[in-house]
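This report refers to the structure that appears directly beneath it.
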Amino acid sequence: MALVLAPEPPLQGWLNALDTQMQRSPNFFDARPVVLDLTGIPREQQGVAEFIQLLEQRGIRIIGTEGAHPSWAGIEAWGRSMPPPSKPGRAVEIPEPAPAPAAAPEPEPGHADPSQAAGNALVIDQPVRSGQTVVFERGDVTVLGSVASGAEIMAGGSIHVYGTLRGRAIAGMGGNAAARIFCNRLQAELVAIDGVYQTADDMPAQVVGRSVQVWLDGEQMKISVLE
Amino acid sequence: MGKVLVVTSGKGGVGKTTSTAALGGALARSGANVVVVDFDVGLRNLDLVMGAERRVVFDLINVVQGDAKLPQALIRDKRLETLSLLPASQTRDKDALTTEGVDKVIADLREKFDWVICDSPAGIERGALLAMRNADVAVVVTNPEVSSVRDSDRIIGMLDSKTLKAENGERMDKFLLVTRYDPARAARNEMLKTDDVLEILSIPLLGIIPESEEVLKASNVGSPVTLNSPDSAPARAYFDAARRLKGETVEVVVPLERKGLMGRLFGRRVA
């Protein structure tokens, strides 16, 4: 799966927005192939080659471009130009968050195979103490107690904490943007889903100490109070 | 077969050694045979608090390494014959302790005494792990402030994973002992509330020891506070804690500020 970056003019403004986003999620582009969609760039735009260099300096691995105009200088060096795809990769529009393109339909809840569900969930029936790390890449993690300050839960799927979440919760490891974090009381040091994270400092005051869910709306993290 | 109890905290300076001595004194006064064992090799203090620093000949390291026999290293308390001390070495470091050696010493002590109370060093390294390794019961000493609470939480996690009980798939009994509780500061909301500490650590409460000059005085004269001034507020709190350790049900008393008339007038004015 490749990410699609679609820059828009003015390029400098778009780069600034990208930098802000990358500050929030520094590892977001790590080890992810990126396709650069240049269809939004007007033909007369100057400095496209330099712009691509600037992207590469930020550690973004561009494996190809699409929609590049043949008249632009140095286009051969940007990787193989691809035809406009019939099925795009995951669009990353910056700065305006957009909903992810239609993904594979969610499986019907009624059709879930119970034996498989058991293998894809980890239930911890005691508190997770400071200094402890729980890593479960296959699916959801449910903690019946609290997660202490200095403890860390990492899950490939969603994270459910029935006590107070005081440590870190990292859901959707390995690219599951649909993962969510639920906790009975939010006092977390950090919450992250699919590489997008928020520290305690960034959390809105009205959700701290409440029963909440955390999810991704496009590339933006949302925290809402559960009633 | 005696019970092995570890007094631990993670953080330093919260009152592990004081509490070890005080609980040891309290249990010994009730007639039980008690030994307090200093695991803080290299930074020993329990001998000072017990007033036995000038009687140390052999220590825990000598016994672990086979240079001395256990009865040679044990120091019997002059005030209370049911209370003994196994001191640590001040000149060696914690690497001189071996797992097998510690297991053997604790097993021997278990035969001789009703209670073996291990005073853990601060930290989460080898010394602390060896101190908790053989324990049946843990007393987690915590001050009502955030850093101490988080360190205690870390230690509770290790009690549940790095001890023989944990390796055998059993659960260790863990109790919270809140020390240096200052009623005046608690009244002004300057300390973490005991309820919050209990909620975060989620282990049963063994007692709340008020901050008191009596504790310092007792340490300075080399005596557990439960022997030096048994009627003082901290000593009474330790006696209650010791009774709870023995399985008795004793209501936990939250220390209150004792105010004179002036204090009451001022208190009212401030409020």
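Ligands are numbered from 1 in the order shown, chains are lettered A, B, ... in the order of the structure tokens, and residues start at 1 in each chain.
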Find the residues near Gly209 in chain A: any atom within 12 Å, counting only C-alpha atoms, skip ones fewer than 4 places away on the same chain, and give them as a PyMOL selection string.
-> chain A and resi 163-166+183-188+200+203-205+224-226
Got time to write the residues from that selection, N, CA, C and O atoms, as a tab-separated table (two decimals), in the first residue's frame?
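Final file, again-v2.tsv:
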chain	number	residue	atom	x	y	z
A	163	GLY	N	-10.56	0.99	33.23
A	163	GLY	CA	-10.18	1.84	34.35
A	163	GLY	C	-9.75	3.19	33.82
A	163	GLY	O	-10.27	3.67	32.81
A	164	THR	N	-8.79	3.79	34.51
A	164	THR	CA	-8.26	5.08	34.09
A	164	THR	C	-7.05	4.86	33.20
A	164	THR	O	-6.18	4.06	33.53
A	165	LEU	N	-7.01	5.56	32.08
A	165	LEU	CA	-5.84	5.49	31.19
A	165	LEU	C	-4.92	6.64	31.55
A	165	LEU	O	-5.20	7.79	31.25
A	166	ARG	N	-3.81	6.31	32.25
A	166	ARG	CA	-2.88	7.36	32.65
A	166	ARG	C	-1.58	7.29	31.84
A	166	ARG	O	-0.81	8.22	31.81
A	183	CYS	N	-11.61	4.67	26.76
A	183	CYS	CA	-11.24	4.51	28.16
A	183	CYS	C	-12.30	5.13	29.05
A	183	CYS	O	-13.02	6.05	28.66
A	184	ASN	N	-12.36	4.56	30.26
A	184	ASN	CA	-13.36	4.99	31.22
A	184	ASN	C	-13.03	6.36	31.77
A	184	ASN	O	-13.91	7.13	32.13
A	185	ARG	N	-11.72	6.65	31.86
A	185	ARG	CA	-11.30	7.96	32.34
A	185	ARG	C	-10.00	8.31	31.64
A	185	ARG	O	-9.04	7.55	31.68
A	186	LEU	N	-9.99	9.44	30.96
A	186	LEU	CA	-8.82	9.84	30.17
A	186	LEU	C	-7.90	10.73	30.99
A	186	LEU	O	-8.26	11.85	31.34
A	187	GLN	N	-6.71	10.17	31.32
A	187	GLN	CA	-5.67	10.97	31.96
A	187	GLN	C	-4.36	10.63	31.25
A	187	GLN	O	-3.29	10.67	31.84
A	188	ALA	N	-4.45	10.28	29.97
A	188	ALA	CA	-3.34	9.66	29.26
A	188	ALA	C	-2.18	10.63	29.06
A	188	ALA	O	-2.38	11.84	28.94
A	200	ALA	N	-0.66	14.73	26.25
A	200	ALA	CA	-1.60	15.27	27.24
A	200	ALA	C	-1.76	16.77	27.08
A	200	ALA	O	-2.85	17.31	27.25
A	203	MET	N	-4.38	17.76	24.54
A	203	MET	CA	-5.77	17.28	24.67
A	203	MET	C	-6.67	18.40	25.19
A	203	MET	O	-6.31	19.11	26.11
A	204	PRO	N	-7.84	18.55	24.60
A	204	PRO	CA	-8.77	19.58	25.06
A	204	PRO	C	-9.16	19.32	26.52
A	204	PRO	O	-9.40	18.17	26.91
A	205	ALA	N	-9.23	20.38	27.30
A	205	ALA	CA	-9.48	20.25	28.74
A	205	ALA	C	-10.83	19.56	29.01
A	205	ALA	O	-10.96	18.85	30.00
A	224	SER	N	-13.83	12.30	21.73
A	224	SER	CA	-15.16	12.75	22.12
A	224	SER	C	-15.60	12.03	23.38
A	224	SER	O	-15.20	10.91	23.67
A	225	VAL	N	-16.41	12.71	24.15
A	225	VAL	CA	-16.89	12.18	25.42
A	225	VAL	C	-18.00	11.18	25.17
A	225	VAL	O	-18.90	11.44	24.37
A	226	LEU	N	-17.91	10.03	25.83
A	226	LEU	CA	-18.96	9.02	25.72
A	226	LEU	C	-20.00	9.30	26.78
A	226	LEU	O	-19.66	9.47	27.95
Could you give me, as an NGL selection string, the residues within 10 Å of Val4 in chain B, counting only C-alpha atoms and dropping anything in the same chain fewer than 6 positions from it?
-> :B and (35 or 106-107 or 109-110 or 113-118 or 132-138)
Output file for the selection above: all heavy atoms, as a CSV table (one decimal), in the first residue's frame:
chain,number,residue,atom,x,y,z
B,35,VAL,N,13.3,-11.4,62.5
B,35,VAL,CA,14.6,-11.0,62.1
B,35,VAL,C,14.4,-9.9,61.0
B,35,VAL,O,13.5,-10.0,60.1
B,35,VAL,CB,15.5,-12.1,61.5
B,35,VAL,CG1,14.8,-12.8,60.3
B,35,VAL,CG2,16.9,-11.6,61.2
B,106,ILE,N,17.6,-17.1,53.1
B,106,ILE,CA,16.2,-16.8,53.4
B,106,ILE,C,15.6,-18.1,53.9
B,106,ILE,O,14.8,-18.1,54.9
B,106,ILE,CB,15.5,-16.2,52.2
B,106,ILE,CG1,16.1,-14.8,51.9
B,106,ILE,CG2,14.0,-16.0,52.5
B,106,ILE,CD1,15.9,-13.7,52.9
B,107,ALA,N,15.9,-19.2,53.2
B,107,ALA,CA,15.3,-20.5,53.6
B,107,ALA,C,15.7,-20.8,55.0
B,107,ALA,O,14.9,-21.3,55.8
B,107,ALA,CB,15.7,-21.6,52.6
B,109,LEU,N,16.6,-18.7,57.4
B,109,LEU,CA,15.9,-17.7,58.3
B,109,LEU,C,14.5,-18.1,58.6
B,109,LEU,O,13.9,-18.0,59.7
B,109,LEU,CB,16.0,-16.3,57.8
B,109,LEU,CG,17.4,-15.7,57.8
B,109,LEU,CD1,17.4,-14.3,57.1
B,109,LEU,CD2,17.9,-15.5,59.2
B,110,ARG,N,13.8,-18.6,57.5
B,110,ARG,CA,12.4,-19.0,57.6
B,110,ARG,C,12.2,-20.1,58.6
B,110,ARG,O,11.2,-20.2,59.2
B,110,ARG,CB,12.0,-19.5,56.2
B,110,ARG,CG,10.7,-19.2,55.7
B,110,ARG,CD,10.4,-20.0,54.5
B,110,ARG,NE,10.5,-19.2,53.3
B,110,ARG,CZ,9.5,-18.5,52.7
B,110,ARG,NH1,8.4,-18.4,53.4
B,110,ARG,NH2,9.7,-17.9,51.6
B,113,PHE,N,12.7,-18.2,62.3
B,113,PHE,CA,11.9,-17.1,62.7
B,113,PHE,C,10.5,-17.2,62.2
B,113,PHE,O,10.2,-17.8,61.3
B,113,PHE,CB,12.6,-15.8,62.2
B,113,PHE,CG,13.9,-15.5,62.8
B,113,PHE,CD1,15.1,-15.9,62.2
B,113,PHE,CD2,14.0,-14.8,64.0
B,113,PHE,CE1,16.3,-15.6,62.7
B,113,PHE,CE2,15.3,-14.5,64.6
B,113,PHE,CZ,16.4,-14.9,63.9
B,114,ASP,N,9.6,-16.4,62.9
B,114,ASP,CA,8.2,-16.3,62.5
B,114,ASP,C,8.1,-15.3,61.4
B,114,ASP,O,7.3,-15.5,60.5
B,114,ASP,CB,7.3,-15.9,63.7
B,114,ASP,CG,7.4,-16.9,64.8
B,114,ASP,OD1,7.5,-18.1,64.6
B,114,ASP,OD2,7.5,-16.4,66.0
B,115,TRP,N,8.9,-14.2,61.5
B,115,TRP,CA,8.8,-13.2,60.4
B,115,TRP,C,10.3,-12.9,60.0
B,115,TRP,O,11.1,-12.6,60.8
B,115,TRP,CB,8.2,-11.9,61.0
B,115,TRP,CG,6.7,-12.0,61.2
B,115,TRP,CD1,6.1,-12.4,62.4
B,115,TRP,CD2,5.7,-11.8,60.3
B,115,TRP,NE1,4.8,-12.4,62.2
B,115,TRP,CE2,4.5,-12.0,60.9
B,115,TRP,CE3,5.7,-11.4,58.9
B,115,TRP,CZ2,3.3,-11.8,60.3
B,115,TRP,CZ3,4.5,-11.2,58.3
B,115,TRP,CH2,3.3,-11.5,59.0
B,116,VAL,N,10.5,-12.9,58.7
B,116,VAL,CA,11.7,-12.4,58.1
B,116,VAL,C,11.4,-11.2,57.3
B,116,VAL,O,10.7,-11.2,56.3
B,116,VAL,CB,12.3,-13.5,57.1
B,116,VAL,CG1,13.6,-13.0,56.5
B,116,VAL,CG2,12.5,-14.8,57.9
B,117,ILE,N,11.9,-10.0,57.8
B,117,ILE,CA,11.5,-8.7,57.1
B,117,ILE,C,12.7,-8.2,56.4
B,117,ILE,O,13.8,-7.9,57.0
B,117,ILE,CB,11.1,-7.7,58.2
B,117,ILE,CG1,9.9,-8.3,59.0
B,117,ILE,CG2,10.6,-6.4,57.5
B,117,ILE,CD1,9.4,-7.4,60.1
B,118,CYS,N,12.6,-8.2,55.0
B,118,CYS,CA,13.7,-7.8,54.2
B,118,CYS,C,13.6,-6.3,53.9
B,118,CYS,O,12.6,-5.9,53.3
B,118,CYS,CB,13.7,-8.6,52.9
B,118,CYS,SG,13.8,-10.4,53.2
B,132,MET,N,13.2,-8.8,47.0
B,132,MET,CA,11.8,-9.2,46.9
B,132,MET,C,11.6,-10.7,46.5
B,132,MET,O,10.5,-11.2,46.6
B,132,MET,CB,11.1,-8.3,45.9
B,132,MET,CG,11.5,-8.4,44.5
B,132,MET,SD,10.5,-7.5,43.3
B,132,MET,CE,10.8,-5.8,43.7
B,133,ARG,N,12.7,-11.3,46.0
B,133,ARG,CA,12.6,-12.6,45.3
B,133,ARG,C,11.9,-13.7,46.1
B,133,ARG,O,11.0,-14.4,45.6
B,133,ARG,CB,14.0,-13.0,45.0
B,133,ARG,CG,14.2,-14.3,44.2
B,133,ARG,CD,15.6,-14.6,43.9
B,133,ARG,NE,15.8,-16.0,43.8
B,133,ARG,CZ,15.5,-16.7,42.7
B,133,ARG,NH1,14.9,-16.1,41.7
B,133,ARG,NH2,15.6,-18.0,42.6
B,134,ASN,N,12.2,-13.8,47.4
B,134,ASN,CA,11.7,-14.9,48.2
B,134,ASN,C,10.5,-14.5,49.0
B,134,ASN,O,10.0,-15.3,49.8
B,134,ASN,CB,12.8,-15.4,49.2
B,134,ASN,CG,13.9,-16.1,48.4
B,134,ASN,OD1,13.7,-17.3,48.1
B,134,ASN,ND2,15.0,-15.4,48.1
B,135,ALA,N,10.0,-13.3,48.8
B,135,ALA,CA,8.9,-12.8,49.7
B,135,ALA,C,7.6,-13.5,49.5
B,135,ALA,O,7.3,-13.9,48.4
B,135,ALA,CB,8.8,-11.3,49.5
B,136,ASP,N,6.9,-13.6,50.7
B,136,ASP,CA,5.5,-14.1,50.6
B,136,ASP,C,4.5,-12.9,50.6
B,136,ASP,O,3.4,-13.0,50.0
B,136,ASP,CB,5.1,-14.9,51.8
B,136,ASP,CG,6.1,-16.1,52.0
B,136,ASP,OD1,6.3,-16.8,51.0
B,136,ASP,OD2,6.6,-16.2,53.1
B,137,VAL,N,4.9,-11.8,51.3
B,137,VAL,CA,4.1,-10.6,51.4
B,137,VAL,C,5.0,-9.4,51.1
B,137,VAL,O,6.2,-9.4,51.5
B,137,VAL,CB,3.6,-10.5,52.9
B,137,VAL,CG1,2.7,-9.3,53.0
B,137,VAL,CG2,2.9,-11.8,53.3
B,138,ALA,N,4.4,-8.4,50.5
B,138,ALA,CA,5.2,-7.2,50.2
B,138,ALA,C,4.5,-6.0,50.9
B,138,ALA,O,3.3,-5.9,50.8
B,138,ALA,CB,5.3,-6.9,48.8
Find the nearest atom pair between each residue of chain B and chain A for residues within 12 Å, count only C-alpha atoms, give distances in Å to one decimal, sort rows by chain and ascending number, and present the table as a Markdown table.
| residue | atom | partner | partner_atom | distance |
| --- | --- | --- | --- | --- |
| B:Gly10 | CA | A:Ser130 | CA | 11.3 |
| B:Ile124 | CA | A:Gly131 | CA | 10.6 |
| B:Val146 | CA | A:Ser149 | CA | 9.9 |
| B:Ser147 | CA | A:Ser149 | CA | 10.2 |
| B:Ser148 | CA | A:Ser130 | CA | 11.7 |
| B:Val149 | CA | A:Ser149 | CA | 9.7 |
| B:Arg150 | CA | A:Ser130 | CA | 6.5 |
| B:Asp151 | CA | A:Ser130 | CA | 7.5 |
| B:Ser152 | CA | A:Ser130 | CA | 8.5 |
| B:Asp153 | CA | A:Ser130 | CA | 5.5 |
| B:Arg154 | CA | A:Ser130 | CA | 4.5 |
| B:Ile155 | CA | A:Ser130 | CA | 8.2 |
| B:Ile156 | CA | A:Arg129 | CA | 7.1 |
| B:Gly157 | CA | A:Arg129 | CA | 5.2 |
| B:Met158 | CA | A:Arg129 | CA | 8.7 |
| B:Leu159 | CA | A:Arg129 | CA | 10.6 |
| B:Asp160 | CA | A:Arg129 | CA | 9.7 |
| B:Ser161 | CA | A:Gln132 | CA | 10.2 |
| B:Arg171 | CA | A:Gln126 | CA | 11.7 |
| B:Asp196 | CA | A:Thr164 | CA | 11.8 |
| B:Val197 | CA | A:Ala148 | CA | 11.8 |
| B:Glu199 | CA | A:Ser146 | CA | 9.2 |
| B:Ile200 | CA | A:Ala148 | CA | 7.3 |
| B:Leu201 | CA | A:Arg129 | CA | 8.4 |
| B:Ser202 | CA | A:Pro127 | CA | 8.0 |
| B:Ile203 | CA | A:Pro127 | CA | 10.3 |
Keeping C-alpha atoms for every residue in the selection just given, could you write it to a file as an mmCIF file, in the first residue's frame?
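Contents of the output file again27.cif:
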data_model
loop_
_atom_site.group_PDB
_atom_site.id
_atom_site.type_symbol
_atom_site.label_atom_id
_atom_site.label_comp_id
_atom_site.auth_asym_id
_atom_site.auth_seq_id
_atom_site.Cartn_x
_atom_site.Cartn_y
_atom_site.Cartn_z
ATOM 1 C CA GLY B 10 11.251 1.916 44.237
ATOM 2 C CA ILE B 124 14.603 -1.525 40.531
ATOM 3 C CA VAL B 146 3.226 11.694 42.550
ATOM 4 C CA SER B 147 6.804 10.526 41.988
ATOM 5 C CA SER B 148 6.671 8.135 44.916
ATOM 6 C CA VAL B 149 3.318 6.763 43.745
ATOM 7 C CA ARG B 150 4.550 6.115 40.218
ATOM 8 C CA ASP B 151 7.709 4.403 41.470
ATOM 9 C CA SER B 152 5.587 2.263 43.775
ATOM 10 C CA ASP B 153 3.426 1.291 40.837
ATOM 11 C CA ARG B 154 6.531 0.177 38.967
ATOM 12 C CA ILE B 155 7.641 -1.905 41.949
ATOM 13 C CA ILE B 156 4.201 -3.528 42.259
ATOM 14 C CA GLY B 157 4.550 -4.594 38.625
ATOM 15 C CA MET B 158 7.889 -6.187 39.438
ATOM 16 C CA LEU B 159 6.486 -7.923 42.530
ATOM 17 C CA ASP B 160 3.962 -9.520 40.180
ATOM 18 C CA SER B 161 6.554 -10.612 37.624
ATOM 19 C CA ARG B 171 0.038 -14.070 43.500
ATOM 20 C CA ASP B 196 -6.235 8.820 45.136
ATOM 21 C CA VAL B 197 -3.076 6.884 46.024
ATOM 22 C CA GLU B 199 -7.090 4.245 43.468
ATOM 23 C CA ILE B 200 -3.905 4.524 41.427
ATOM 24 C CA LEU B 201 -2.066 1.624 43.067
ATOM 25 C CA SER B 202 -5.146 -0.547 43.712
ATOM 26 C CA ILE B 203 -3.685 -2.631 46.543
#
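CA of Leu190 in chain A lies 21.7 Å from CA of Glu145 in chain B.
Computed from the coordinates, the CA of Lys217 in chain B to CA of Leu60 in chain B distance equals 27.5 Å.
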Which residues, written as a short mmCIF file (atom, residue, chain, number, x, y, z; two decimals) with all heavy atoms, in the first residue's frame, have at least one atom at most 8 Å from Ala169 in chain A, with only C-alpha atoms counted and residues fewer than 3 positions away on the same chain left out?
data_model
loop_
_atom_site.label_atom_id
_atom_site.label_comp_id
_atom_site.auth_asym_id
_atom_site.auth_seq_id
_atom_site.Cartn_x
_atom_site.Cartn_y
_atom_site.Cartn_z
N GLU A 152 2.54 1.34 28.94
CA GLU A 152 2.31 1.51 27.51
C GLU A 152 1.53 0.32 26.94
O GLU A 152 1.90 -0.82 27.21
CB GLU A 152 3.67 1.61 26.82
CG GLU A 152 3.64 2.15 25.43
CD GLU A 152 5.06 2.46 24.94
OE1 GLU A 152 5.93 1.58 25.06
OE2 GLU A 152 5.27 3.57 24.46
N ILE A 153 0.47 0.62 26.22
CA ILE A 153 -0.27 -0.44 25.53
C ILE A 153 -0.13 -0.20 24.04
O ILE A 153 -0.40 0.91 23.56
CB ILE A 153 -1.78 -0.40 25.87
CG1 ILE A 153 -2.02 -0.34 27.36
CG2 ILE A 153 -2.52 -1.57 25.24
CD1 ILE A 153 -1.87 -1.63 28.06
N MET A 154 0.29 -1.20 23.29
CA MET A 154 0.39 -1.06 21.84
C MET A 154 -0.43 -2.19 21.20
O MET A 154 -0.23 -3.35 21.52
CB MET A 154 1.85 -1.15 21.39
CG MET A 154 2.70 -0.05 22.00
SD MET A 154 4.44 -0.33 21.79
CE MET A 154 4.66 0.41 20.21
N ILE A 159 -7.97 -0.24 21.43
CA ILE A 159 -7.60 -0.41 22.83
C ILE A 159 -8.78 0.00 23.70
O ILE A 159 -9.37 1.07 23.49
CB ILE A 159 -6.36 0.44 23.17
CG1 ILE A 159 -5.15 -0.06 22.37
CG2 ILE A 159 -6.06 0.40 24.66
CD1 ILE A 159 -3.91 0.80 22.52
N LEU A 165 -7.01 5.56 32.08
CA LEU A 165 -5.84 5.49 31.19
C LEU A 165 -4.92 6.64 31.55
O LEU A 165 -5.20 7.79 31.25
CB LEU A 165 -6.29 5.57 29.73
CG LEU A 165 -5.17 5.67 28.68
CD1 LEU A 165 -4.23 4.49 28.75
CD2 LEU A 165 -5.74 5.81 27.29
N ILE A 181 -9.50 4.13 20.43
CA ILE A 181 -9.11 3.97 21.83
C ILE A 181 -10.31 4.38 22.68
O ILE A 181 -10.87 5.45 22.47
CB ILE A 181 -7.88 4.83 22.17
CG1 ILE A 181 -6.68 4.40 21.33
CG2 ILE A 181 -7.55 4.74 23.65
CD1 ILE A 181 -5.52 5.36 21.36
N ALA A 188 -4.45 10.28 29.97
CA ALA A 188 -3.34 9.66 29.26
C ALA A 188 -2.18 10.63 29.06
O ALA A 188 -2.38 11.84 28.94
CB ALA A 188 -3.81 9.14 27.92
N LEU A 190 -0.21 9.98 26.46
CA LEU A 190 -0.18 10.03 24.99
C LEU A 190 -1.18 9.03 24.43
O LEU A 190 -1.31 7.93 24.95
CB LEU A 190 1.24 9.70 24.51
CG LEU A 190 1.50 9.68 22.99
CD1 LEU A 190 2.89 10.23 22.71
CD2 LEU A 190 1.41 8.28 22.43
N VAL A 191 -1.89 9.45 23.39
CA VAL A 191 -2.71 8.49 22.64
C VAL A 191 -2.28 8.58 21.18
O VAL A 191 -1.96 9.67 20.69
CB VAL A 191 -4.23 8.77 22.76
CG1 VAL A 191 -4.75 8.40 24.13
CG2 VAL A 191 -4.55 10.23 22.47
N ALA A 192 -2.24 7.44 20.51
CA ALA A 192 -1.84 7.44 19.10
C ALA A 192 -2.65 6.40 18.35
O ALA A 192 -2.97 5.33 18.88
CB ALA A 192 -0.35 7.12 18.97
#
Could you find all residues in range 18-107 of chain B that DSSP calls alpha helix (DSSP H) from the backbone, and write them as a PyMOL selection string?
-> chain B and resi 18-29+46-49+60-64+70-73+99-107
Output the selection as a short mmCIF file (atom, residue, chain, number, x, y, z; two decimals), in the first residue's frame - N, CA, C and O atoms for each residue.
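Saved the output as selection-v1.cif:
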data_model
loop_
_atom_site.label_atom_id
_atom_site.label_comp_id
_atom_site.auth_asym_id
_atom_site.auth_seq_id
_atom_site.Cartn_x
_atom_site.Cartn_y
_atom_site.Cartn_z
N THR B 18 13.11 2.84 58.11
CA THR B 18 12.37 3.21 59.31
C THR B 18 11.19 2.26 59.51
O THR B 18 10.93 1.79 60.62
N SER B 19 10.47 1.98 58.41
CA SER B 19 9.30 1.11 58.51
C SER B 19 9.69 -0.32 58.81
O SER B 19 9.00 -1.02 59.56
N THR B 20 10.81 -0.79 58.22
CA THR B 20 11.29 -2.14 58.51
C THR B 20 11.56 -2.29 60.00
O THR B 20 11.10 -3.25 60.64
N ALA B 21 12.29 -1.31 60.54
CA ALA B 21 12.63 -1.38 61.96
C ALA B 21 11.37 -1.29 62.83
O ALA B 21 11.20 -2.07 63.78
N ALA B 22 10.46 -0.36 62.47
CA ALA B 22 9.27 -0.15 63.30
C ALA B 22 8.35 -1.37 63.26
O ALA B 22 7.83 -1.79 64.30
N LEU B 23 8.14 -1.94 62.05
CA LEU B 23 7.28 -3.13 61.95
C LEU B 23 7.94 -4.31 62.65
O LEU B 23 7.26 -5.09 63.32
N GLY B 24 9.27 -4.43 62.50
CA GLY B 24 10.01 -5.50 63.18
C GLY B 24 9.82 -5.39 64.68
O GLY B 24 9.50 -6.37 65.36
N GLY B 25 9.98 -4.16 65.21
CA GLY B 25 9.80 -3.92 66.65
C GLY B 25 8.39 -4.26 67.10
O GLY B 25 8.19 -4.90 68.13
N ALA B 26 7.41 -3.82 66.30
CA ALA B 26 6.01 -4.04 66.67
C ALA B 26 5.67 -5.53 66.70
O ALA B 26 5.03 -6.02 67.64
N LEU B 27 6.11 -6.26 65.65
CA LEU B 27 5.82 -7.70 65.60
C LEU B 27 6.55 -8.43 66.73
O LEU B 27 6.00 -9.34 67.36
N ALA B 28 7.79 -8.02 67.00
CA ALA B 28 8.57 -8.69 68.05
C ALA B 28 7.95 -8.43 69.42
O ALA B 28 7.96 -9.31 70.29
N ARG B 29 7.42 -7.24 69.66
CA ARG B 29 6.78 -6.93 70.95
C ARG B 29 5.55 -7.79 71.19
O ARG B 29 5.15 -8.03 72.32
N LEU B 46 20.15 0.03 58.22
CA LEU B 46 19.27 -0.61 59.19
C LEU B 46 19.99 -0.83 60.52
O LEU B 46 19.38 -0.73 61.59
N ASP B 47 21.31 -1.10 60.47
CA ASP B 47 22.07 -1.29 61.70
C ASP B 47 22.04 -0.02 62.56
O ASP B 47 21.94 -0.09 63.78
N LEU B 48 22.10 1.15 61.91
CA LEU B 48 22.05 2.42 62.64
C LEU B 48 20.69 2.63 63.28
O LEU B 48 20.58 2.97 64.46
N VAL B 49 19.64 2.41 62.48
CA VAL B 49 18.29 2.63 62.99
C VAL B 49 17.97 1.64 64.11
O VAL B 49 17.22 1.96 65.04
N LEU B 60 25.52 -10.12 55.84
CA LEU B 60 24.79 -10.93 54.85
C LEU B 60 25.72 -11.50 53.78
O LEU B 60 25.61 -12.67 53.40
N ILE B 61 26.65 -10.68 53.28
CA ILE B 61 27.56 -11.12 52.23
C ILE B 61 28.43 -12.28 52.73
O ILE B 61 28.63 -13.27 52.02
N ASN B 62 28.94 -12.15 53.97
CA ASN B 62 29.76 -13.22 54.53
C ASN B 62 28.99 -14.54 54.58
O ASN B 62 29.53 -15.60 54.27
N VAL B 63 27.71 -14.43 54.94
CA VAL B 63 26.90 -15.65 55.05
C VAL B 63 26.62 -16.21 53.65
O VAL B 63 26.75 -17.42 53.41
N VAL B 64 26.26 -15.30 52.71
CA VAL B 64 25.96 -15.75 51.35
C VAL B 64 27.19 -16.43 50.74
O VAL B 64 27.07 -17.45 50.05
N LEU B 70 25.31 -18.48 59.69
CA LEU B 70 24.19 -17.58 59.94
C LEU B 70 24.12 -17.10 61.40
O LEU B 70 24.02 -15.90 61.65
N PRO B 71 24.23 -18.02 62.40
CA PRO B 71 24.12 -17.54 63.80
C PRO B 71 25.23 -16.56 64.17
O PRO B 71 25.03 -15.71 65.05
N GLN B 72 26.38 -16.65 63.51
CA GLN B 72 27.46 -15.72 63.81
C GLN B 72 27.13 -14.31 63.35
O GLN B 72 27.58 -13.33 63.93
N ALA B 73 26.36 -14.20 62.26
CA ALA B 73 26.07 -12.89 61.69
C ALA B 73 24.84 -12.23 62.31
O ALA B 73 24.70 -11.01 62.27
N THR B 99 22.05 -15.22 43.64
CA THR B 99 20.66 -15.66 43.79
C THR B 99 20.59 -16.91 44.67
O THR B 99 19.78 -16.97 45.61
N GLU B 100 21.45 -17.89 44.40
CA GLU B 100 21.41 -19.14 45.17
C GLU B 100 21.73 -18.87 46.64
O GLU B 100 21.09 -19.42 47.55
N GLY B 101 22.74 -18.00 46.86
CA GLY B 101 23.14 -17.68 48.23
C GLY B 101 22.00 -17.03 49.00
O GLY B 101 21.73 -17.40 50.15
N VAL B 102 21.31 -16.07 48.36
CA VAL B 102 20.20 -15.38 49.02
C VAL B 102 19.08 -16.38 49.31
O VAL B 102 18.51 -16.40 50.40
N ASP B 103 18.77 -17.23 48.32
CA ASP B 103 17.70 -18.22 48.52
C ASP B 103 18.00 -19.09 49.75
O ASP B 103 17.12 -19.37 50.56
N LYS B 104 19.26 -19.50 49.87
CA LYS B 104 19.66 -20.38 50.97
C LYS B 104 19.52 -19.66 52.31
O LYS B 104 18.96 -20.22 53.27
N VAL B 105 20.01 -18.41 52.38
CA VAL B 105 19.95 -17.66 53.64
C VAL B 105 18.50 -17.45 54.06
O VAL B 105 18.13 -17.65 55.22
N ILE B 106 17.64 -17.06 53.10
CA ILE B 106 16.25 -16.80 53.45
C ILE B 106 15.56 -18.10 53.89
O ILE B 106 14.78 -18.11 54.86
N ALA B 107 15.89 -19.20 53.22
CA ALA B 107 15.30 -20.49 53.62
C ALA B 107 15.72 -20.84 55.04
O ALA B 107 14.89 -21.31 55.84
#
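The smallest atom-to-atom distance between Ile63 in chain A and any of A:Val4, A:Phe136, A:Ala171, A:His160, using only C-alpha atoms, is found for A:Val4.
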